[in-house]
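Structure file work.pdb (PDB, C-alpha atoms, pLDDT in the B column) follows.
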ATOM      1  CA  TYR O   1      -4.287  51.605 143.469  1.00 83.00           C
ATOM      2  CA  THR O   2      -7.003  50.896 140.938  1.00 90.00           C
ATOM      3  CA  LEU O   3     -10.131  53.055 140.984  1.00 93.00           C
ATOM      4  CA  ALA O   4     -13.619  52.404 139.603  1.00 95.00           C
ATOM      5  CA  MET O   5     -16.638  54.659 140.048  1.00 96.00           C
ATOM      6  CA  ARG O   6     -20.253  53.933 139.159  1.00 95.00           C
ATOM      7  CA  TYR O   7     -23.033  56.380 138.268  1.00 94.00           C
ATOM      8  CA  ASP O   8     -26.565  55.306 139.249  1.00 92.00           C
ATOM      9  CA  GLY O   9     -28.386  58.126 137.476  1.00 95.00           C
ATOM     10  CA  THR O  10     -28.073  60.505 140.408  1.00 97.00           C
ATOM     11  CA  LYS O  11     -24.625  60.286 141.920  1.00 97.00           C
ATOM     12  CA  TRP O  12     -21.184  58.722 141.562  1.00 97.00           C
ATOM     13  CA  SER O  13     -19.870  56.174 144.062  1.00 97.00           C
ATOM     14  CA  ILE O  14     -16.549  54.332 144.350  1.00 97.00           C
ATOM     15  CA  VAL O  15     -16.812  50.570 143.833  1.00 96.00           C
ATOM     16  CA  PRO O  16     -14.099  48.364 145.413  1.00 95.00           C
ATOM     17  CA  THR O  17     -11.601  46.979 142.887  1.00 93.00           C
ATOM     18  CA  PRO O  18      -8.778  44.420 143.133  1.00 89.00           C
ATOM     19  CA  ASN O  19      -5.273  45.689 143.889  1.00 84.00           C
ATOM     20  CA  PRO O  20      -2.680  42.948 143.307  1.00 80.00           C
ATOM     21  CA  ASN O  21       0.146  43.177 145.816  1.00 71.00           C
ATOM     22  CA  PRO O  22       3.084  40.846 145.056  1.00 63.00           C
ATOM     23  CA  ALA O  23       5.308  42.542 147.641  1.00 61.00           C
ATOM     24  CA  PRO O  24       4.517  44.929 150.512  1.00 57.00           C
ATOM     25  CA  GLU O  25       6.515  47.770 148.984  1.00 60.00           C
ATOM     26  CA  LEU O  26       5.159  47.207 145.448  1.00 62.00           C
ATOM     27  CA  THR O  27       1.463  48.003 145.265  1.00 68.00           C
ATOM     28  CA  TYR O  28       1.463  49.931 141.983  1.00 83.00           C
ATOM     29  CA  CYS O  29      -1.429  49.118 139.666  1.00 89.00           C
ATOM     30  CA  GLU O  30      -3.760  51.145 137.450  1.00 92.00           C
ATOM     31  CA  LEU O  31      -6.687  50.731 135.068  1.00 95.00           C
ATOM     32  CA  ASN O  32      -6.311  52.389 131.659  1.00 96.00           C
ATOM     33  CA  ALA O  33      -9.340  51.118 129.721  1.00 97.00           C
ATOM     34  CA  ILE O  34     -12.914  49.945 130.244  1.00 97.00           C
ATOM     35  CA  GLU O  35     -15.567  48.351 128.022  1.00 98.00           C
ATOM     36  CA  ALA O  36     -19.072  47.061 128.792  1.00 97.00           C
ATOM     37  CA  LEU O  37     -21.196  44.432 127.067  1.00 98.00           C
ATOM     38  CA  ALA O  38     -23.959  44.484 129.701  1.00 97.00           C
ATOM     39  CA  SER O  39     -24.555  45.732 133.240  1.00 94.00           C
ATOM     40  CA  ASN O  40     -23.126  42.448 134.532  1.00 96.00           C
ATOM     41  CA  ASP O  41     -20.386  42.029 131.913  1.00 98.00           C
ATOM     42  CA  VAL O  42     -17.798  44.805 132.123  1.00 98.00           C
ATOM     43  CA  TRP O  43     -14.062  44.561 131.452  1.00 98.00           C
ATOM     44  CA  ALA O  44     -11.324  46.891 132.674  1.00 98.00           C
ATOM     45  CA  ALA O  45      -7.578  46.570 132.187  1.00 97.00           C
ATOM     46  CA  GLY O  46      -4.253  48.270 132.701  1.00 96.00           C
ATOM     47  CA  THR O  47      -0.961  47.449 134.406  1.00 93.00           C
ATOM     48  CA  ARG O  48       0.192  46.005 137.699  1.00 90.00           C
ATOM     49  CA  ASN O  49       3.376  45.079 139.505  1.00 83.00           C
ATOM     50  CA  ASP O  50       3.647  41.308 139.587  1.00 72.00           C
ATOM     51  CA  GLN O  51       6.080  38.410 139.750  1.00 64.00           C
ATOM     52  CA  ASP O  52       7.610  37.250 136.480  1.00 58.00           C
ATOM     53  CA  THR O  53       7.097  33.617 135.561  1.00 55.00           C
ATOM     54  CA  GLY O  54      10.190  31.570 136.409  1.00 56.00           C
ATOM     55  CA  ALA O  55      12.163  34.512 137.771  1.00 57.00           C
ATOM     56  CA  GLY O  56      12.479  36.125 141.184  1.00 63.00           C
ATOM     57  CA  TYR O  57      11.724  39.531 139.716  1.00 67.00           C
ATOM     58  CA  VAL O  58       8.808  41.920 140.195  1.00 72.00           C
ATOM     59  CA  GLY O  59       7.886  43.945 137.127  1.00 79.00           C
ATOM     60  CA  THR O  60       5.027  45.712 135.361  1.00 85.00           C
ATOM     61  CA  HIS O  61       2.520  43.379 133.689  1.00 89.00           C
ATOM     62  CA  ASN O  62      -0.992  43.160 132.289  1.00 92.00           C
ATOM     63  CA  LEU O  63      -3.867  43.664 134.701  1.00 94.00           C
ATOM     64  CA  VAL O  64      -7.350  42.457 133.684  1.00 96.00           C
ATOM     65  CA  VAL O  65     -10.433  42.677 135.891  1.00 97.00           C
ATOM     66  CA  HIS O  66     -14.084  41.788 135.241  1.00 98.00           C
ATOM     67  CA  TRP O  67     -17.372  43.042 136.726  1.00 98.00           C
ATOM     68  CA  ASN O  68     -20.065  40.344 137.066  1.00 97.00           C
ATOM     69  CA  GLY O  69     -22.834  42.647 138.267  1.00 96.00           C
ATOM     70  CA  SER O  70     -21.937  42.512 141.943  1.00 96.00           C
ATOM     71  CA  SER O  71     -18.133  42.699 142.258  1.00 96.00           C
ATOM     72  CA  TRP O  72     -14.848  43.171 140.403  1.00 97.00           C
ATOM     73  CA  GLN O  73     -12.600  40.117 140.106  1.00 96.00           C
ATOM     74  CA  THR O  74      -9.048  39.763 138.808  1.00 94.00           C
ATOM     75  CA  VAL O  75      -8.843  37.565 135.703  1.00 95.00           C
ATOM     76  CA  ASN O  76      -5.541  35.803 135.044  1.00 92.00           C
ATOM     77  CA  ALA O  77      -4.045  37.015 131.772  1.00 92.00           C
ATOM     78  CA  PRO O  78      -0.799  35.993 130.071  1.00 91.00           C
ATOM     79  CA  ILE O  79       2.484  37.702 130.894  1.00 85.00           C
ATOM     80  CA  PRO O  80       5.689  37.389 128.839  1.00 84.00           C
ATOM     81  CA  ALA O  81       7.889  34.367 129.414  1.00 78.00           C
ATOM     82  CA  SER O  82      11.317  34.847 130.988  1.00 71.00           C
ATOM     83  CA  PHE O  83      14.569  32.940 130.698  1.00 67.00           C
ATOM     84  CA  GLY O  84      16.034  31.664 133.943  1.00 63.00           C
ATOM     85  CA  LEU O  85      16.542  34.454 136.453  1.00 64.00           C
ATOM     86  CA  GLN O  86      16.294  37.149 133.795  1.00 67.00           C
ATOM     87  CA  GLY O  87      13.072  39.050 134.383  1.00 69.00           C
ATOM     88  CA  VAL O  88      10.882  40.384 131.585  1.00 79.00           C
ATOM     89  CA  SER O  89       8.428  43.203 132.201  1.00 83.00           C
ATOM     90  CA  GLY O  90       6.870  46.243 130.568  1.00 85.00           C
ATOM     91  CA  ASP O  91       3.691  44.763 129.086  1.00 91.00           C
ATOM     92  CA  GLY O  92       0.443  46.644 129.648  1.00 94.00           C
ATOM     93  CA  ILE O  93      -3.078  47.172 128.301  1.00 97.00           C
ATOM     94  CA  TYR O  94      -4.384  50.552 127.058  1.00 97.00           C
ATOM     95  CA  ASP O  95      -7.551  49.732 125.123  1.00 98.00           C
ATOM     96  CA  ILE O  96     -10.370  47.151 125.169  1.00 98.00           C
ATOM     97  CA  LEU O  97     -12.695  46.262 122.297  1.00 98.00           C
ATOM     98  CA  ALA O  98     -15.596  44.025 123.351  1.00 98.00           C
ATOM     99  CA  LEU O  99     -17.653  42.637 120.464  1.00 98.00           C
ATOM    100  CA  ALA O 100     -19.370  39.767 122.304  1.00 98.00           C
ATOM    101  CA  PRO O 101     -18.928  37.837 125.576  1.00 97.00           C
ATOM    102  CA  ASN O 102     -16.681  35.395 123.703  1.00 97.00           C
ATOM    103  CA  ASP O 103     -14.981  38.004 121.498  1.00 98.00           C
ATOM    104  CA  VAL O 104     -13.031  40.595 123.507  1.00 98.00           C
ATOM    105  CA  TRP O 105      -9.761  42.207 122.410  1.00 98.00           C
ATOM    106  CA  PHE O 106      -7.161  43.815 124.666  1.00 98.00           C
ATOM    107  CA  PHE O 107      -4.538  46.116 123.113  1.00 97.00           C
ATOM    108  CA  GLY O 108      -1.321  47.657 124.382  1.00 95.00           C
ATOM    109  CA  GLU O 109       2.288  46.511 124.701  1.00 92.00           C
ATOM    110  CA  TRP O 110       3.895  43.058 124.816  1.00 91.00           C
ATOM    111  CA  ILE O 111       7.507  42.120 125.573  1.00 87.00           C
ATOM    112  CA  ARG O 112       9.463  39.255 124.077  1.00 81.00           C
ATOM    113  CA  MET O 113      12.875  37.948 125.137  1.00 74.00           C
ATOM    114  CA  ASN O 114      15.189  35.650 123.228  1.00 66.00           C
ATOM    115  CA  ALA O 115      17.654  33.131 124.646  1.00 64.00           C
ATOM    116  CA  GLN O 116      20.414  35.752 124.571  1.00 65.00           C
ATOM    117  CA  GLY O 117      18.470  37.980 126.952  1.00 66.00           C
ATOM    118  CA  PHE O 118      17.488  40.682 124.439  1.00 72.00           C
ATOM    119  CA  THR O 119      13.992  42.128 124.769  1.00 78.00           C
ATOM    120  CA  PHE O 120      11.782  43.897 122.243  1.00 80.00           C
ATOM    121  CA  ARG O 121       8.489  45.745 122.657  1.00 82.00           C
ATOM    122  CA  HIS O 122       5.706  44.504 120.365  1.00 86.00           C
ATOM    123  CA  ALA O 123       2.202  45.764 119.800  1.00 91.00           C
ATOM    124  CA  LEU O 124      -0.138  43.672 121.966  1.00 95.00           C
ATOM    125  CA  ALA O 125      -3.309  42.194 120.476  1.00 97.00           C
ATOM    126  CA  MET O 126      -4.715  39.740 123.017  1.00 98.00           C
ATOM    127  CA  HIS O 127      -8.024  37.949 122.420  1.00 98.00           C
ATOM    128  CA  TYR O 128     -10.450  36.471 124.940  1.00 98.00           C
ATOM    129  CA  ASP O 129     -12.751  33.749 123.543  1.00 98.00           C
ATOM    130  CA  GLY O 130     -14.998  33.392 126.577  1.00 97.00           C
ATOM    131  CA  SER O 131     -12.753  31.005 128.463  1.00 96.00           C
ATOM    132  CA  SER O 132      -9.094  31.798 127.766  1.00 97.00           C
ATOM    133  CA  PHE O 133      -6.708  34.450 126.460  1.00 98.00           C
ATOM    134  CA  GLN O 134      -4.522  34.233 123.368  1.00 97.00           C
ATOM    135  CA  VAL O 135      -1.711  36.679 122.598  1.00 96.00           C
ATOM    136  CA  HIS O 136      -1.504  37.107 118.825  1.00 95.00           C
ATOM    137  CA  GLU O 137       2.175  36.731 118.033  1.00 85.00           C
ATOM    138  CA  ASP O 138       1.495  37.493 114.366  1.00 83.00           C
ATOM    139  CA  VAL O 139       1.144  41.277 114.826  1.00 89.00           C
ATOM    140  CA  PRO O 140       3.772  42.538 112.346  1.00 85.00           C
ATOM    141  CA  ILE O 141       7.092  43.887 113.549  1.00 76.00           C
ATOM    142  CA  VAL O 142       7.661  47.235 111.855  1.00 71.00           C
ATOM    143  CA  GLY O 143      10.962  49.051 112.251  1.00 66.00           C
ATOM    144  CA  SER O 144      13.305  48.646 115.195  1.00 66.00           C
ATOM    145  CA  ASN O 145      11.847  50.832 117.957  1.00 67.00           C
ATOM    146  CA  GLY O 146       8.976  48.666 119.155  1.00 75.00           C
ATOM    147  CA  ALA O 147       5.271  49.461 119.091  1.00 83.00           C
ATOM    148  CA  THR O 148       2.206  50.137 121.199  1.00 88.00           C
ATOM    149  CA  ILE O 149      -1.534  50.074 120.425  1.00 93.00           C
ATOM    150  CA  LEU O 150      -3.574  52.790 122.148  1.00 95.00           C
ATOM    151  CA  ALA O 151      -6.911  52.715 120.293  1.00 97.00           C
ATOM    152  CA  SER O 152      -9.152  50.429 118.253  1.00 98.00           C
ATOM    153  CA  ASP O 153     -12.581  50.172 116.669  1.00 98.00           C
ATOM    154  CA  ALA O 154     -14.513  47.561 114.683  1.00 98.00           C
ATOM    155  CA  LEU O 155     -17.492  47.038 112.433  1.00 96.00           C
ATOM    156  CA  GLY O 156     -17.512  43.343 113.299  1.00 96.00           C
ATOM    157  CA  PRO O 157     -15.276  40.421 114.277  1.00 97.00           C
ATOM    158  CA  ASN O 158     -13.597  40.363 110.852  1.00 97.00           C
ATOM    159  CA  ASP O 159     -12.967  44.083 110.406  1.00 97.00           C
ATOM    160  CA  ILE O 160     -10.919  45.696 113.190  1.00 98.00           C
ATOM    161  CA  TRP O 161      -8.542  48.651 113.066  1.00 98.00           C
ATOM    162  CA  ALA O 162      -5.970  49.499 115.746  1.00 97.00           C
ATOM    163  CA  ALA O 163      -3.337  52.223 116.015  1.00 94.00           C
ATOM    164  CA  GLY O 164      -0.760  53.706 118.330  1.00 90.00           C
ATOM    165  CA  PRO O 165       2.554  55.532 118.671  1.00 83.00           C
ATOM    166  CA  ALA O 166       5.893  54.354 117.360  1.00 66.00           C
ATOM    167  CA  GLY O 167       8.880  53.637 119.508  1.00 49.00           C
ATOM    168  CA  ASP O 168      10.192  52.144 122.705  1.00 41.00           C
ATOM    169  CA  GLY O 169      11.335  55.290 124.459  1.00 39.00           C
ATOM    170  CA  ASP O 170      12.080  56.948 121.109  1.00 44.00           C
ATOM    171  CA  PRO O 171       8.829  57.790 119.250  1.00 45.00           C
ATOM    172  CA  GLY O 172      10.133  56.618 115.897  1.00 46.00           C
ATOM    173  CA  THR O 173      11.272  58.092 112.618  1.00 51.00           C
ATOM    174  CA  ALA O 174       9.828  60.237 109.848  1.00 48.00           C
ATOM    175  CA  ASN O 175       6.498  58.983 108.450  1.00 48.00           C
ATOM    176  CA  PHE O 176       6.620  55.968 110.719  1.00 62.00           C
ATOM    177  CA  SER O 177       3.185  54.628 111.657  1.00 69.00           C
ATOM    178  CA  TYR O 178       1.634  51.818 113.658  1.00 84.00           C
ATOM    179  CA  ILE O 179      -1.690  51.068 112.054  1.00 92.00           C
ATOM    180  CA  TYR O 180      -2.953  47.489 112.053  1.00 94.00           C
ATOM    181  CA  HIS O 181      -5.956  45.725 110.504  1.00 96.00           C
ATOM    182  CA  TRP O 182      -7.572  42.400 111.460  1.00 97.00           C
ATOM    183  CA  ASP O 183      -9.470  40.595 108.704  1.00 96.00           C
ATOM    184  CA  GLY O 184     -10.657  37.700 110.829  1.00 96.00           C
ATOM    185  CA  SER O 185      -7.618  35.519 110.277  1.00 95.00           C
ATOM    186  CA  ARG O 186      -4.501  37.689 110.578  1.00 95.00           C
ATOM    187  CA  TRP O 187      -3.139  41.102 111.562  1.00 96.00           C
ATOM    188  CA  SER O 188      -1.470  43.229 108.889  1.00 93.00           C
ATOM    189  CA  HIS O 189       0.371  46.545 109.012  1.00 90.00           C
ATOM    190  CA  VAL O 190      -1.175  49.322 106.912  1.00 90.00           C
ATOM    191  CA  PRO O 191       1.138  52.212 105.913  1.00 84.00           C
ATOM    192  CA  ALA O 192      -0.228  55.663 106.737  1.00 83.00           C
ATOM    193  CA  GLY O 193       1.389  57.507 103.847  1.00 77.00           C
ATOM    194  CA  THR O 194       2.837  60.952 104.399  1.00 78.00           C
ATOM    195  CA  MET O 195       2.081  62.529 107.771  1.00 82.00           C
ATOM    196  CA  PRO O 196       3.103  65.953 109.104  1.00 82.00           C
ATOM    197  CA  GLY O 197       6.098  66.324 111.379  1.00 80.00           C
ATOM    198  CA  THR O 198       8.640  63.689 112.328  1.00 77.00           C
ATOM    199  CA  PHE O 199       7.591  61.821 115.491  1.00 79.00           C
ATOM    200  CA  HIS O 200       4.007  60.547 115.540  1.00 82.00           C
ATOM    201  CA  THR O 201       1.431  59.310 118.021  1.00 87.00           C
ATOM    202  CA  LEU O 202      -1.858  57.850 116.793  1.00 91.00           C
ATOM    203  CA  GLY O 203      -4.370  57.799 119.624  1.00 91.00           C
ATOM    204  CA  GLY O 204      -7.941  57.441 118.348  1.00 96.00           C
ATOM    205  CA  VAL O 205      -9.773  55.186 115.860  1.00 98.00           C
ATOM    206  CA  LYS O 206     -13.370  55.478 114.633  1.00 98.00           C
ATOM    207  CA  MET O 207     -14.960  53.212 112.008  1.00 98.00           C
ATOM    208  CA  LEU O 208     -18.073  54.432 110.201  1.00 98.00           C
ATOM    209  CA  ALA O 209     -17.955  51.914 107.355  1.00 97.00           C
ATOM    210  CA  HIS O 210     -15.507  49.482 105.786  1.00 94.00           C
ATOM    211  CA  GLY O 211     -14.227  52.297 103.564  1.00 95.00           C
ATOM    212  CA  ASP O 212     -14.662  55.126 106.062  1.00 98.00           C
ATOM    213  CA  VAL O 213     -12.192  54.975 108.952  1.00 97.00           C
ATOM    214  CA  TRP O 214     -10.750  57.920 110.870  1.00 98.00           C
ATOM    215  CA  ILE O 215      -7.567  57.935 112.955  1.00 96.00           C
ATOM    216  CA  SER O 216      -6.510  60.924 115.061  1.00 95.00           C
ATOM    217  CA  GLY O 217      -2.913  61.735 115.807  1.00 91.00           C
ATOM    218  CA  SER O 218      -0.296  64.270 116.729  1.00 90.00           C
ATOM    219  CA  ALA O 219       3.175  64.930 115.380  1.00 86.00           C
ATOM    220  CA  TRP O 220       6.280  66.660 116.650  1.00 84.00           C
ATOM    221  CA  ALA O 221       8.980  68.280 114.527  1.00 82.00           C
ATOM    222  CA  PRO O 222      12.116  70.185 115.542  1.00 83.00           C
ATOM    223  CA  PRO O 223      12.704  72.590 117.070  1.00 88.00           C
ATOM    224  CA  ASN O 224       9.403  72.248 118.954  1.00 88.00           C
ATOM    225  CA  VAL O 225       6.398  72.202 116.616  1.00 90.00           C
ATOM    226  CA  VAL O 226       3.362  70.084 117.495  1.00 91.00           C
ATOM    227  CA  THR O 227       0.667  69.365 114.901  1.00 91.00           C
ATOM    228  CA  GLN O 228      -2.715  67.708 115.393  1.00 94.00           C
ATOM    229  CA  PHE O 229      -3.971  65.784 112.357  1.00 93.00           C
ATOM    230  CA  MET O 230      -6.489  63.230 111.094  1.00 94.00           C
ATOM    231  CA  LEU O 231      -5.934  60.236 108.826  1.00 93.00           C
ATOM    232  CA  HIS O 232      -8.787  58.901 106.677  1.00 95.00           C
ATOM    233  CA  TRP O 233      -9.080  55.406 105.158  1.00 95.00           C
ATOM    234  CA  ASN O 234     -11.275  55.326 102.055  1.00 96.00           C
ATOM    235  CA  GLY O 235     -11.157  51.592 101.516  1.00 94.00           C
ATOM    236  CA  SER O 236      -7.932  51.454  99.576  1.00 92.00           C
ATOM    237  CA  GLY O 237      -5.450  53.873 101.196  1.00 91.00           C
TER
END
Structure rendered as structure tokens:
Amino acid sequence: YTLAMRYDGTKWSIVPTPNPNPAPELTYCELNAIEALASNDVWAAGTRNDQDTGAGYVGTHNLVVHWNGSSWQTVNAPIPASFGLQGVSGDGIYDILALAPNDVWFFGEWIRMNAQGFTFRHALAMHYDGSSFQVHEDVPIVGSNGATILASDALGPNDIWAAGPAGDGDPGTANFSYIYHWDGSRWSHVPAGTMPGTFHTLGGVKMLAHGDVWISGSAWAPPNVVTQFMLHWNGSG
């Protein structure tokens, strides 16, 4: 079940949250990210079990909820399309970046399926404009293992950075990175250069200026060496 707690300056209390329940035996749902614009304008998101569009199949999908100052409400967000009875699932949200009431980004994973029934995991960049959601299908496909976005930060609506781990089950290959930049009109992939180790996860983004961006990550290398590291963007690389 989802869980939200509120601090009033003295104590914490649990606030009721929606728990979508498409089938009695499938009540799994969780909130992974939260972002507030005001005391009556708070977004939270994660994953839920839900029915696939056009298919009799229950799978894991995006969960978005909103706090209006008095209660949490589920907000309908897109889920991947399916073909016939073939279900598609695995999308989820792991980070929220709220710039204004009509400019909110949701990041995570998105699944696509072609007519032959093959699926692929894409980095999810979903935008809310104050009335509706749009999944940005232009996030670049890099490599063959799929992608996820775990963290983001922005200086404004035309300067957003996002990053995450590589891989769909397999965390990727040597010096493989998922770093994306939004310039106000399109998403582009930005190579990270040489990183330590072999398999990488990028999990934190902090923007101080247009030419001063930090990304935190970890790397694994055989036989079992884990390295923590930082990447720095100086405006050109």
Shell of 8 Å around range 179-189 of chain O, only C-alpha atoms, local chain residues under 6 positions omitted, as a VMD selection string
chain O and resid 138 to 140 142 157 to 164
Report, in Å with one decimal, the straight-line distance from CA of Gln228 in chain O to CA of Gly92 in chain O.
25.6 Å
If we count only C-alpha atoms, what is near range 30-40 of chain O at a cut-off of 8 Å, once residues fewer than 6 positions away on the same chain are taken out, given as JSON, numbers by chain?
{"O": [1, 2, 3, 46, 47, 48, 63, 67, 68, 69, 70, 93, 94, 95, 96, 97, 98, 99, 100, 101]}
re CA of Gln134 in chain O and CA of Thr148 in chain O: distance 17.4 Å
Looking at all atoms listed in the file, which of O:Thr194, O:Ala44, O:Arg6, O:Ala81 is the one that sits closest to Arg112 in chain O?
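So, comparing all the options, the nearest one is O:Ala81.
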